[in-house]
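Text of input_23.txt (compact mmCIF, C-alpha atoms) as supplied:
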# COMPACT_ATOMS: atom_id res chain seq x y z
CA MET A 65 53.85 -1.09 -5.78
CA ASN A 66 53.18 -3.36 -8.69
CA THR A 67 56.38 -4.89 -10.07
CA ASP A 68 55.47 -4.04 -13.66
CA ASP A 69 55.02 -0.40 -12.72
CA LEU A 70 58.35 -0.52 -10.94
CA ILE A 71 60.06 -1.81 -14.04
CA ALA A 72 58.48 0.91 -16.14
CA ALA A 73 59.63 3.54 -13.64
CA LEU A 74 63.17 2.19 -13.53
CA ALA A 75 63.41 1.94 -17.31
CA GLY A 76 62.25 5.54 -17.61
CA ASP A 77 65.13 6.63 -15.41
CA VAL A 78 68.07 5.31 -17.35
CA THR A 79 70.95 7.64 -18.01
CA PRO A 80 74.20 6.58 -19.68
CA ALA A 81 76.70 5.29 -17.15
CA PRO A 82 80.29 6.43 -17.61
CA ARG A 83 82.93 3.83 -18.35
CA HIS A 84 85.03 2.77 -15.37
CA ALA A 85 82.36 4.25 -13.14
CA VAL A 86 83.52 2.18 -10.15
CA ALA A 87 87.15 3.29 -10.34
CA ARG A 88 86.09 6.89 -10.87
CA ARG A 89 83.84 6.88 -7.86
CA LEU A 90 86.52 5.33 -5.67
CA ALA A 91 89.15 7.75 -6.96
CA LEU A 92 86.86 10.67 -6.18
CA GLY A 93 86.29 9.50 -2.61
CA LEU A 94 89.98 8.82 -2.18
CA ALA A 95 90.99 12.21 -3.57
CA LEU A 96 88.50 14.17 -1.46
CA GLY A 97 89.69 12.33 1.63
CA ALA A 98 93.33 12.85 0.73
CA VAL A 99 92.88 16.62 0.36
CA ALA A 100 91.42 16.78 3.87
CA ALA A 101 94.16 14.46 5.12
CA VAL A 102 96.88 16.73 3.74
CA ALA A 103 95.26 19.67 5.53
CA ILE A 104 95.19 17.73 8.80
CA MET A 105 98.76 16.58 8.39
CA VAL A 106 100.10 20.06 7.62
CA SER A 107 98.21 21.78 10.43
CA LEU A 108 98.74 19.11 13.07
CA PHE A 109 102.23 17.86 12.32
CA GLY A 110 103.76 20.02 9.58
CA VAL A 111 105.87 18.99 6.63
CA ARG A 112 109.40 18.08 7.70
CA ALA A 113 111.73 21.08 7.48
CA ASP A 114 114.40 19.19 5.60
CA LEU A 115 112.12 17.89 2.87
CA MET A 116 114.35 19.05 0.01
CA PRO A 117 117.56 17.41 1.19
CA ALA A 118 115.58 14.36 2.36
CA MET A 119 114.33 13.87 -1.18
CA MET A 120 117.90 13.12 -2.16
CA THR A 121 118.04 10.12 0.18
CA GLY A 122 116.99 6.51 -0.32
CA PRO A 123 114.99 5.92 2.87
CA PHE A 124 112.62 8.77 2.03
CA TRP A 125 111.74 7.07 -1.24
CA LEU A 126 111.68 3.60 0.25
CA LYS A 127 108.97 4.75 2.63
CA LEU A 128 106.94 6.30 -0.19
CA VAL A 129 107.32 3.31 -2.49
CA TYR A 130 106.32 0.90 0.27
CA VAL A 131 103.09 2.63 1.23
CA LEU A 132 102.28 3.65 -2.33
CA SER A 133 102.54 0.05 -3.55
CA LEU A 134 100.21 -1.00 -0.73
CA ALA A 135 97.80 1.77 -1.68
CA ALA A 136 97.91 0.82 -5.38
CA LEU A 137 97.23 -2.83 -4.63
CA GLY A 138 94.48 -1.82 -2.22
CA PHE A 139 92.87 0.34 -4.88
CA GLY A 140 92.99 -2.42 -7.49
CA LEU A 141 91.51 -4.84 -5.01
CA ILE A 142 88.69 -2.62 -3.82
CA ASP A 143 87.87 -1.75 -7.44
CA ARG A 144 87.02 -5.45 -7.84
CA LEU A 145 85.39 -6.00 -4.46
CA ALA A 146 83.09 -3.02 -5.04
CA ARG A 147 81.24 -5.17 -7.61
CA PRO A 148 78.74 -7.77 -6.44
CA ASP A 149 80.55 -10.61 -8.21
CA GLY A 150 84.01 -9.27 -7.40
CA GLU A 151 86.81 -11.60 -6.38
CA GLY A 152 90.18 -10.59 -5.04
CA GLY A 153 91.98 -12.91 -7.40
CA VAL A 154 95.71 -12.64 -7.83
CA LEU A 155 95.84 -9.12 -6.36
CA ALA A 156 94.74 -10.47 -2.99
CA THR A 157 97.89 -12.55 -2.67
CA MET A 158 100.11 -9.85 -4.14
CA ILE A 159 99.20 -7.56 -1.29
CA VAL A 160 101.69 -9.31 0.97
CA ALA A 161 104.54 -8.74 -1.51
CA PRO A 162 105.48 -5.19 -0.43
CA LEU A 163 105.44 -6.27 3.20
CA ALA A 164 107.61 -9.29 2.41
CA VAL A 165 110.16 -7.05 0.64
CA MET A 166 110.18 -4.69 3.62
CA ILE A 167 110.68 -7.54 6.08
CA ILE A 168 113.67 -8.77 4.09
CA LEU A 169 115.16 -5.27 3.93
CA ALA A 170 114.53 -4.75 7.63
CA ALA A 171 116.06 -8.09 8.55
CA TYR A 172 119.08 -7.24 6.45
CA GLN A 173 119.53 -3.85 8.15
CA LEU A 174 119.09 -5.37 11.58
CA ALA A 175 121.58 -8.14 10.88
CA ASP A 176 124.03 -5.63 9.50
CA ALA A 177 123.83 -3.30 12.52
CA PRO A 178 125.76 -3.65 15.77
CA ALA A 179 123.61 -5.28 18.45
CA ALA A 180 123.47 -2.12 20.54
CA LEU A 181 121.92 -0.16 17.69
CA ARG A 182 119.20 -2.65 16.75
CA MET A 183 116.68 -1.39 19.25
CA GLN A 184 117.23 2.14 17.98
CA LEU A 185 116.63 1.02 14.37
CA MET A 186 113.38 -0.58 15.40
CA MET A 187 112.03 2.19 17.61
CA GLY A 188 113.48 5.30 15.96
CA GLY A 189 112.57 8.56 17.68
CA SER A 190 108.81 8.51 17.11
CA TYR A 191 107.59 4.97 17.66
CA LYS A 192 105.15 6.17 20.31
CA VAL A 193 103.25 8.38 17.89
CA CYS A 194 103.93 7.04 14.40
CA ALA A 195 101.12 4.49 14.09
CA LEU A 196 98.67 6.75 15.92
CA ASN A 197 99.50 9.71 13.66
CA ILE A 198 98.98 7.57 10.59
CA VAL A 199 95.57 6.57 11.89
CA ILE A 200 94.65 10.22 12.54
CA VAL A 201 95.73 11.35 9.06
CA SER A 202 93.82 8.41 7.55
CA VAL A 203 90.44 9.31 9.04
CA PRO A 204 89.19 11.60 6.25
CA ILE A 205 90.50 9.21 3.60
CA PHE A 206 88.68 6.38 5.33
CA LEU A 207 85.48 8.41 5.22
CA GLY A 208 86.01 9.28 1.56
CA VAL A 209 86.60 5.70 0.46
CA PHE A 210 83.65 4.39 2.48
CA TRP A 211 81.43 7.11 1.08
CA ALA A 212 82.36 5.96 -2.42
CA LEU A 213 81.84 2.29 -1.57
CA ARG A 214 78.40 2.94 -0.17
CA SER A 215 77.17 3.90 -3.63
CA LEU A 216 78.75 0.78 -5.14
CA ALA A 217 77.82 -2.85 -4.53
CA PRO A 218 80.29 -4.86 -2.43
CA THR A 219 78.86 -8.16 -1.26
CA ARG A 220 81.71 -9.30 0.95
CA LEU A 221 81.35 -6.54 3.46
CA THR A 222 83.96 -7.43 6.06
CA LEU A 223 86.64 -8.10 3.48
CA SER A 224 85.75 -4.98 1.51
CA GLY A 225 85.85 -2.93 4.71
CA ALA A 226 89.28 -4.31 5.56
CA VAL A 227 90.69 -3.56 2.11
CA ALA A 228 89.11 -0.10 2.05
CA GLY A 229 90.62 0.59 5.48
CA MET A 230 93.97 -0.65 4.33
CA LEU A 231 93.80 1.59 1.28
CA ALA A 232 92.94 4.56 3.51
CA GLY A 233 95.72 3.67 5.95
CA ALA A 234 98.33 3.31 3.21
CA THR A 235 97.29 6.61 1.63
CA GLY A 236 97.37 8.25 5.06
CA ALA A 237 100.83 6.80 5.66
CA PHE A 238 101.94 8.21 2.31
CA ILE A 239 100.88 11.69 3.38
CA TYR A 240 102.34 11.27 6.86
CA ALA A 241 105.69 10.26 5.29
CA PHE A 242 106.20 13.92 4.37
CA HIS A 243 106.32 14.72 8.07
CA CYS A 244 108.10 11.71 9.47
CA THR A 245 111.91 11.81 9.56
CA GLU A 246 112.54 8.14 10.34
CA VAL A 247 115.01 6.47 8.01
CA SER A 248 115.30 2.81 9.02
CA ALA A 249 113.56 -0.04 7.23
CA PRO A 250 112.79 -1.90 10.49
CA PHE A 251 110.99 1.20 11.79
CA MET A 252 108.86 1.49 8.65
CA THR A 253 108.13 -2.21 8.58
CA VAL A 254 106.86 -2.24 12.16
CA TRP A 255 105.21 1.12 12.74
CA TYR A 256 103.94 2.11 9.32
CA THR A 257 102.53 -1.36 8.86
CA LEU A 258 100.94 -1.22 12.30
CA GLY A 259 99.19 2.08 11.50
CA ILE A 260 97.88 0.73 8.20
CA VAL A 261 96.74 -2.55 9.75
CA VAL A 262 94.87 -0.70 12.51
CA VAL A 263 92.90 1.32 9.94
CA GLY A 264 92.28 -1.90 7.99
CA ALA A 265 90.99 -3.63 11.13
CA VAL A 266 88.63 -0.73 11.87
CA GLY A 267 87.38 -1.01 8.30
CA ALA A 268 86.80 -4.75 8.70
CA VAL A 269 84.79 -4.22 11.88
CA LEU A 270 82.71 -1.36 10.47
CA GLY A 271 82.31 -2.90 7.01
CA ARG A 272 79.25 -4.94 7.85
CA THR A 273 77.34 -1.91 9.11
CA LEU A 274 78.72 0.91 6.98
CA LEU A 275 78.75 -0.89 3.66
CA HIS A 276 75.39 -2.63 3.99
CA TRP A 277 72.91 -1.99 1.15
CA MET B 236 72.73 -4.59 -20.28
CA VAL B 237 75.49 -3.03 -22.31
CA ARG B 238 72.90 -1.10 -24.31
CA SER B 239 71.08 -0.16 -21.12
CA LEU B 240 74.26 1.30 -19.67
CA ALA B 241 74.62 3.35 -22.82
CA GLY B 242 71.23 4.85 -22.01
CA ASP B 243 68.85 2.72 -24.10
CA GLY B 244 65.64 2.71 -22.05
CA VAL B 245 63.75 0.28 -24.31
CA ALA B 246 66.49 -2.35 -24.13
CA TYR B 247 66.62 -1.80 -20.40
CA ALA B 248 62.88 -2.36 -19.95
CA THR B 249 63.09 -5.59 -21.95
CA LEU B 250 66.01 -6.74 -19.85
CA LEU B 251 64.27 -5.94 -16.57
CA ARG B 252 61.12 -7.79 -17.63
CA ARG B 253 63.12 -10.88 -18.50
CA LEU B 254 65.06 -10.72 -15.26
CA ASN B 255 61.81 -10.27 -13.40
CA GLY B 256 60.74 -13.81 -14.28
CA HIS B 257 64.06 -15.38 -13.43
CA LEU B 258 64.35 -13.56 -10.15
CA ARG B 259 60.81 -14.34 -9.08
CA ALA B 260 61.44 -18.05 -9.70
CA TYR B 261 64.72 -17.79 -7.82
CA TYR B 262 63.18 -16.22 -4.73
CA VAL B 263 60.03 -18.31 -4.70
CA ARG B 264 62.12 -21.45 -4.83
CA ARG B 265 64.46 -20.28 -2.10
CA LEU B 266 61.84 -18.95 0.26
CA GLY B 267 59.49 -21.88 -0.13
CA PRO B 268 55.72 -21.91 -0.61
CA GLY B 269 53.52 -19.47 1.25
CA ARG B 270 56.08 -16.71 1.18
CA GLY B 271 55.07 -15.20 -2.12
CA ALA B 272 54.76 -11.71 -0.64
CA ASP B 273 58.30 -11.88 0.73
CA ALA B 274 59.54 -13.09 -2.63
CA GLU B 275 57.78 -10.17 -4.35
CA ASP B 276 59.32 -7.69 -1.90
CA LEU B 277 62.76 -9.17 -2.42
CA LEU B 278 62.28 -9.13 -6.16
CA GLN B 279 61.44 -5.43 -6.15
CA GLU B 280 64.25 -4.65 -3.75
CA THR B 281 66.68 -6.48 -6.00
CA LEU B 282 65.49 -4.69 -9.12
CA ILE B 283 65.88 -1.33 -7.36
CA ALA B 284 69.33 -2.24 -6.04
CA MET B 285 70.40 -3.41 -9.49
CA HIS B 286 69.15 -0.19 -10.96
CA ALA B 287 70.84 2.04 -8.40
CA ARG B 288 74.12 0.16 -8.66
CA ARG B 289 74.09 -0.72 -12.34
CA SER B 290 77.37 1.10 -12.90
CA THR B 291 79.12 -1.71 -10.99
CA TYR B 292 78.46 -4.07 -13.87
CA ASP B 293 81.64 -4.70 -15.83
CA ALA B 294 80.81 -5.40 -19.48
CA THR B 295 83.77 -7.77 -19.79
CA ARG B 296 82.25 -10.14 -17.24
CA PRO B 297 79.18 -12.40 -17.49
CA PHE B 298 75.99 -10.50 -16.83
CA THR B 299 74.29 -13.50 -15.20
CA ALA B 300 77.05 -13.72 -12.60
CA TRP B 301 76.49 -10.09 -11.71
CA VAL B 302 72.72 -10.51 -11.37
CA HIS B 303 73.13 -13.73 -9.44
CA ALA B 304 75.57 -12.11 -6.99
CA ILE B 305 73.09 -9.30 -6.27
CA ALA B 306 70.14 -11.70 -5.95
CA ARG B 307 72.14 -13.91 -3.61
CA TYR B 308 73.27 -10.95 -1.50
CA LYS B 309 69.68 -9.76 -1.11
CA LEU B 310 68.53 -13.28 -0.26
CA ILE B 311 71.17 -13.77 2.43
CA ASP B 312 70.37 -10.34 3.75
CA HIS B 313 66.71 -11.31 3.94
CA PHE B 314 67.52 -14.48 5.86
CA ARG B 315 69.71 -12.51 8.23
CA ARG B 316 66.98 -9.98 8.86
CA THR B 317 64.34 -12.60 9.46
CA LYS B 318 66.77 -14.70 11.50
CA ARG B 319 66.12 -17.70 9.36
CA ARG B 320 69.15 -19.68 8.44
CA ALA B 321 69.87 -19.87 4.78
CA GLU B 322 69.99 -23.46 3.81
CA ASP B 323 72.74 -23.86 1.31
CA PRO B 324 71.50 -26.31 -1.27
CA LEU B 325 75.08 -27.00 -2.30
CA GLU B 326 75.56 -28.82 0.96
CA ASP B 327 72.87 -31.29 0.05
CA PRO B 328 74.26 -33.76 -2.48
CA GLU B 329 70.81 -35.14 -3.19
CA LEU B 330 69.43 -31.84 -4.40
CA LEU B 331 70.28 -32.03 -8.05
CA PHE B 332 68.65 -28.72 -8.85
CA SER B 333 71.30 -26.98 -6.83
CA SER B 334 73.02 -25.39 -9.79
CA ALA B 335 69.79 -24.57 -11.57
CA ASP B 336 70.09 -20.87 -10.88
CA THR B 337 73.74 -20.41 -11.69
CA ASN B 338 73.16 -19.52 -15.28
CA ALA B 339 70.32 -18.29 -17.34
CA ALA B 340 69.90 -21.43 -19.44
CA GLU B 341 69.64 -23.68 -16.45
CA ALA B 342 67.38 -21.27 -14.65
CA GLN B 343 64.73 -21.91 -17.26
CA ILE B 344 64.37 -25.52 -16.25
CA ASP B 345 61.10 -25.63 -14.50
CA VAL B 346 61.08 -27.83 -11.45
CA GLU B 347 57.40 -28.54 -11.72
CA GLN B 348 57.72 -29.61 -15.31
CA LEU B 349 60.48 -32.01 -14.45
CA LEU B 350 58.59 -33.47 -11.55
CA ARG B 351 55.65 -34.23 -13.81
CA ARG B 352 57.74 -36.89 -15.49
CA LEU B 353 58.00 -38.91 -12.31
CA PRO B 354 55.43 -41.42 -11.08
CA GLU B 355 52.73 -39.80 -8.99
CA LYS B 356 53.90 -41.26 -5.69
CA THR B 357 57.55 -40.30 -6.07
CA ARG B 358 56.59 -36.84 -7.23
CA ARG B 359 54.50 -36.21 -4.15
CA LEU B 360 57.28 -37.46 -1.90
CA ILE B 361 59.85 -35.16 -3.48
CA ARG B 362 57.53 -32.21 -3.36
CA ASP B 363 56.79 -32.76 0.34
CA VAL B 364 60.36 -33.39 1.44
CA LYS B 365 62.42 -31.25 -0.88
CA ILE B 366 60.17 -28.37 -1.75
CA GLU B 367 57.77 -28.00 1.15
CA GLY B 368 60.50 -29.01 3.56
CA LEU B 369 58.72 -31.69 5.59
CA SER B 370 60.91 -33.99 7.64
CA THR B 371 61.22 -37.62 6.62
CA ALA B 372 59.03 -38.62 9.55
CA GLU B 373 56.28 -36.15 8.64
CA ALA B 374 56.26 -37.28 5.05
CA ALA B 375 56.14 -40.91 6.13
CA ALA B 376 53.12 -40.19 8.29
CA ARG B 377 51.36 -38.29 5.53
CA HIS B 378 51.79 -41.07 3.00
CA ASN B 379 51.37 -43.91 5.41
CA ILE B 380 54.68 -45.55 4.57
CA SER B 381 57.87 -46.17 6.50
CA GLU B 382 60.58 -43.54 6.86
CA SER B 383 63.09 -45.59 4.92
CA ALA B 384 60.58 -45.94 2.09
CA VAL B 385 60.38 -42.14 1.97
CA LYS B 386 64.14 -41.84 1.82
CA VAL B 387 64.50 -44.46 -0.88
CA GLY B 388 61.65 -42.96 -2.93
CA VAL B 389 63.08 -39.44 -2.80
CA HIS B 390 66.55 -40.65 -3.57
CA ARG B 391 65.48 -42.74 -6.57
CA GLY B 392 63.26 -39.97 -7.91
CA LEU B 393 66.04 -37.38 -7.75
CA LYS B 394 68.48 -39.78 -9.27
CA SER B 395 66.30 -40.51 -12.27
CA LEU B 396 65.64 -36.79 -12.71
CA GLY B 397 69.37 -36.21 -12.62
CA VAL B 398 69.90 -38.75 -15.35
CA GLU B 399 67.24 -37.08 -17.48
CA ILE B 400 68.69 -33.63 -17.03
CA LYS B 401 72.10 -34.91 -17.97
CA ASP B 402 70.73 -36.65 -21.04
CA GLU B 403 69.04 -33.48 -22.16
CA ALA B 404 72.15 -31.46 -21.67
CA SER B 405 74.34 -33.76 -23.69

How does the structure come out when it is put into structure tokens?
Amino acid sequence: MNTDDLIAALAGDVTPAPRHAVARRLALGLALGAVAAVAIMVSLFGVRADLMPAMMTGPFWLKLVYVLSLAALGFGLIDRLARPDGEGGVLATMIVAPLAVMIILAAYQLADAPAALRMQLMMGGSYKVCALNIVIVSVPIFLGVFWALRSLAPTRLTLSGAVAGMLAGATGAFIYAFHCTEVSAPFMTVWYTLGIVVVGAVGAVLGRTLLHW
Amino acid sequence: MVRSLAGDGVAYATLLRRLNGHLRAYYVRRLGPGRGADAEDLLQETLIAMHARRSTYDATRPFTAWVHAIARYKLIDHFRRTKRRAEDPLEDPELLFSSADTNAAEAQIDVEQLLRRLPEKTRRLIRDVKIEGLSTAEAAARHNISESAVKVGVHRGLKSLGVEIKDEAS
């Protein structure tokens, strides 16, 4: 095809683009994935029976705030990386902040606890399944976010894949937190983080293929 | 671009035609002579990609940076597909045109036009070594001079061009 004809064809096909189109697209993918993830979580694991009383306790909220702050940073970061000239900027370094806070809290709890109890704080009652469950719940969110990214224009594919995976993992962890009854900061720091990192690593590996355009 | 995103097809066509020239120069220069068809393919692919993903342009950021990022992505992708290593001109301190495509004003500097200011011999040396990509030895053989003469000639030529570009800019 002649390039001049191509230009004419493209110019004839111009419709107004909505403002914040990138964020909207990402939010749509995230939301669709999250709806499916909630369905999976409820049918596979079930919402914890003591949700109401749990909502009166600190650890329940700590868990939510931790993963939600990771998800928010991940969203802000991927909103930039989804553009061809996108740079992580200051958000990229801020992403370690929630983890750093959790590590300090966890270290404090561990130091405060009698030696015999430390292992229990770390492992809780569900360490064998926690990270895996988070990964399972994250799958539809992962698909949703990657679907959105495929219509956008990331140029750093591995990094974008990693951040998108992390966003999916953190959102999945948020949903899973309504099932999980663990209360200790060391448990959250180790196992929630592990689940999120695994999804992020999968995203990094698949980024080059899935996000290619 | 801002008007194009608002749905102005005429502004968009004008924009695409102007980009067309810049992008063609960009790809022709990067792919080297004899690869005009590849450059044309890449150019069209880039225009289509830009069109399909135009919503990723953020009006608060420089438009040239956005276009350049897409063009660069498509170029690297092309090199990856064809298994040819992308030579990064930034790694070559002698190549003073290295930043010529980083913004629209600089992109208009025509390499050929610049070269015409140099003495015939130097010009041919630079064209052979820097644009056609001959090795120093090959160029030396072609011009019947020693390898070090080639190196010195190219170096001096680029240096004087650099001085001229700088003078014009200031």

Notebook entry, point to check: What's the 8 Å shell around Glu246 (chain A), counting only C-alpha atoms, without same-chain residues fewer than 5 positions away, as a PyMOL selection string?
Noted result: chain A and resi 188-190+251-252

Any idea which chain A residues end up within 9 Å of chain B if we count all atoms listed in the file, as a PDB file with C-alpha atoms, in the coordinates of the input please?
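Listing of part.pdb after writing:
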ATOM      1  CA  MET A  65      53.850  -1.090  -5.780  1.00  0.00           C
ATOM      2  CA  ASN A  66      53.180  -3.360  -8.690  1.00  0.00           C
ATOM      3  CA  THR A  67      56.380  -4.890 -10.070  1.00  0.00           C
ATOM      4  CA  ASP A  68      55.470  -4.040 -13.660  1.00  0.00           C
ATOM      5  CA  LEU A  70      58.350  -0.520 -10.940  1.00  0.00           C
ATOM      6  CA  ILE A  71      60.060  -1.810 -14.040  1.00  0.00           C
ATOM      7  CA  ALA A  72      58.480   0.910 -16.140  1.00  0.00           C
ATOM      8  CA  LEU A  74      63.170   2.190 -13.530  1.00  0.00           C
ATOM      9  CA  ALA A  75      63.410   1.940 -17.310  1.00  0.00           C
ATOM     10  CA  GLY A  76      62.250   5.540 -17.610  1.00  0.00           C
ATOM     11  CA  ASP A  77      65.130   6.630 -15.410  1.00  0.00           C
ATOM     12  CA  VAL A  78      68.070   5.310 -17.350  1.00  0.00           C
ATOM     13  CA  THR A  79      70.950   7.640 -18.010  1.00  0.00           C
ATOM     14  CA  PRO A  80      74.200   6.580 -19.680  1.00  0.00           C
ATOM     15  CA  ALA A  81      76.700   5.290 -17.150  1.00  0.00           C
ATOM     16  CA  PRO A  82      80.290   6.430 -17.610  1.00  0.00           C
ATOM     17  CA  ARG A  83      82.930   3.830 -18.350  1.00  0.00           C
ATOM     18  CA  HIS A  84      85.030   2.770 -15.370  1.00  0.00           C
ATOM     19  CA  ALA A  85      82.360   4.250 -13.140  1.00  0.00           C
ATOM     20  CA  VAL A  86      83.520   2.180 -10.150  1.00  0.00           C
ATOM     21  CA  ALA A 146      83.090  -3.020  -5.040  1.00  0.00           C
ATOM     22  CA  ARG A 147      81.240  -5.170  -7.610  1.00  0.00           C
ATOM     23  CA  PRO A 148      78.740  -7.770  -6.440  1.00  0.00           C
ATOM     24  CA  ASP A 149      80.550 -10.610  -8.210  1.00  0.00           C
ATOM     25  CA  GLY A 150      84.010  -9.270  -7.400  1.00  0.00           C
ATOM     26  CA  SER A 215      77.170   3.900  -3.630  1.00  0.00           C
ATOM     27  CA  LEU A 216      78.750   0.780  -5.140  1.00  0.00           C
ATOM     28  CA  ALA A 217      77.820  -2.850  -4.530  1.00  0.00           C
ATOM     29  CA  THR A 219      78.860  -8.160  -1.260  1.00  0.00           C
ATOM     30  CA  ARG A 220      81.710  -9.300   0.950  1.00  0.00           C
ATOM     31  CA  TRP A 277      72.910  -1.990   1.150  1.00  0.00           C
TER      32      TRP A 277
END

Item checked: Point-to-point distance from CA of Met236 (chain B) to CA of Thr295 (chain B), Å rounded to tenths ->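 Taking CA of Met236 (chain B) as the start and CA of Thr295 (chain B) as the end point, the length is 11.5 Å.
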
Neighbouring residues of region 242-245 of chain A were defined as those with any atom within 9 Å, considering all atoms listed in the file; residues of the same chain fewer than 6 positions away were excluded. Please report them as a PDB file with C-alpha atoms, keeping the file's coordinate frame.
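File part_4.pdb, as written:
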ATOM      1  CA  MET A 105      98.760  16.580   8.390  1.00  0.00           C
ATOM      2  CA  VAL A 106     100.100  20.060   7.620  1.00  0.00           C
ATOM      3  CA  PHE A 109     102.230  17.860  12.320  1.00  0.00           C
ATOM      4  CA  GLY A 110     103.760  20.020   9.580  1.00  0.00           C
ATOM      5  CA  VAL A 111     105.870  18.990   6.630  1.00  0.00           C
ATOM      6  CA  ARG A 112     109.400  18.080   7.700  1.00  0.00           C
ATOM      7  CA  ALA A 113     111.730  21.080   7.480  1.00  0.00           C
ATOM      8  CA  ASP A 114     114.400  19.190   5.600  1.00  0.00           C
ATOM      9  CA  LEU A 115     112.120  17.890   2.870  1.00  0.00           C
ATOM     10  CA  ALA A 118     115.580  14.360   2.360  1.00  0.00           C
ATOM     11  CA  PHE A 124     112.620   8.770   2.030  1.00  0.00           C
ATOM     12  CA  LEU A 128     106.940   6.300  -0.190  1.00  0.00           C
ATOM     13  CA  GLY A 189     112.570   8.560  17.680  1.00  0.00           C
ATOM     14  CA  SER A 190     108.810   8.510  17.110  1.00  0.00           C
ATOM     15  CA  CYS A 194     103.930   7.040  14.400  1.00  0.00           C
TER      16      CYS A 194
END

Next item on the list: Compare A:Leu96, A:Ala249, A:Val193, A:Val269 by their minimum atom-to-atom distance to Leu174 (chain A), counting only C-alpha atoms, and give me the closest one.
Entry: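 The closest residue to Leu174 (chain A) is A:Ala249.
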
Next item on the list: Just give me the gap between CA of Ala156 (chain A) and CA of Ile142 (chain A) in Å, one decimal is fine.
Entry: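 Interatomic distance, CA of Ala156 (chain A) to CA of Ile142 (chain A): 9.9 Å.
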
For region 122-132 of chain A, what centre and edge lengths in Å (one decimal) does the axis-aligned box get once 4 Å is added on each side of all its listed atoms, as AutoDock Vina command-line options?
--center_x 109.6 --center_y 4.8 --center_z 0.2 --size_x 22.7 --size_y 15.9 --size_z 13.4

Notebook entry, point to check: Contacts of Arg377 (chain B) at 10 Å or less, counting all atoms listed in the file, minus same-chain residues fewer than 4 places along, as a ChimeraX atom specification?
Noted result: /B:360,363,369,371-373

Check: Rounded to one decimal in Å, what is the spacing between CA of Val201 (chain A) and CA of Val262 (chain A)?
Finding: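 So the answer is 12.6 Å.
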
Checklist line | Near-region 225-239 of chain A list (6 Å; only C-alpha atoms; drop same-chain fewer than 4 positions) as a list in words | finding: Leu128, Val131, Ala135, Gly138, Ile198, Val201, Ser202, Ile205, Phe206, Leu221, Ile260, Val263, Gly264, Ala265, Gly267, Ala268 and Gly271 of chain A

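Closest approach to Leu90 (chain A) among A:Leu169, A:Val199, A:Met187, A:Leu213 is made by A:Leu213 (distances from all atoms listed in the file).
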
Next item on the list: Would you mind telling me which residue in A:Met158, A:Leu270, A:Leu94, A:Ala100 lies nearest to Leu223 (chain A) when using only C-alpha atoms?
Entry: A:Leu270

Item checked: Exercise: Leu155 (chain A) partners within 9 Å, only C-alpha atoms, chain neighbours under 5 positions left out, as a PyMOL selection string -> chain A and resi 137-138+140-141

How would the residues just chosen look if you wrote them out with C-alpha atoms as a compact mmCIF listing (two decimals), in the coordinates of the input?
# COMPACT_ATOMS: atom_id res chain seq x y z
CA LEU A 137 97.23 -2.83 -4.63
CA GLY A 138 94.48 -1.82 -2.22
CA GLY A 140 92.99 -2.42 -7.49
CA LEU A 141 91.51 -4.84 -5.01
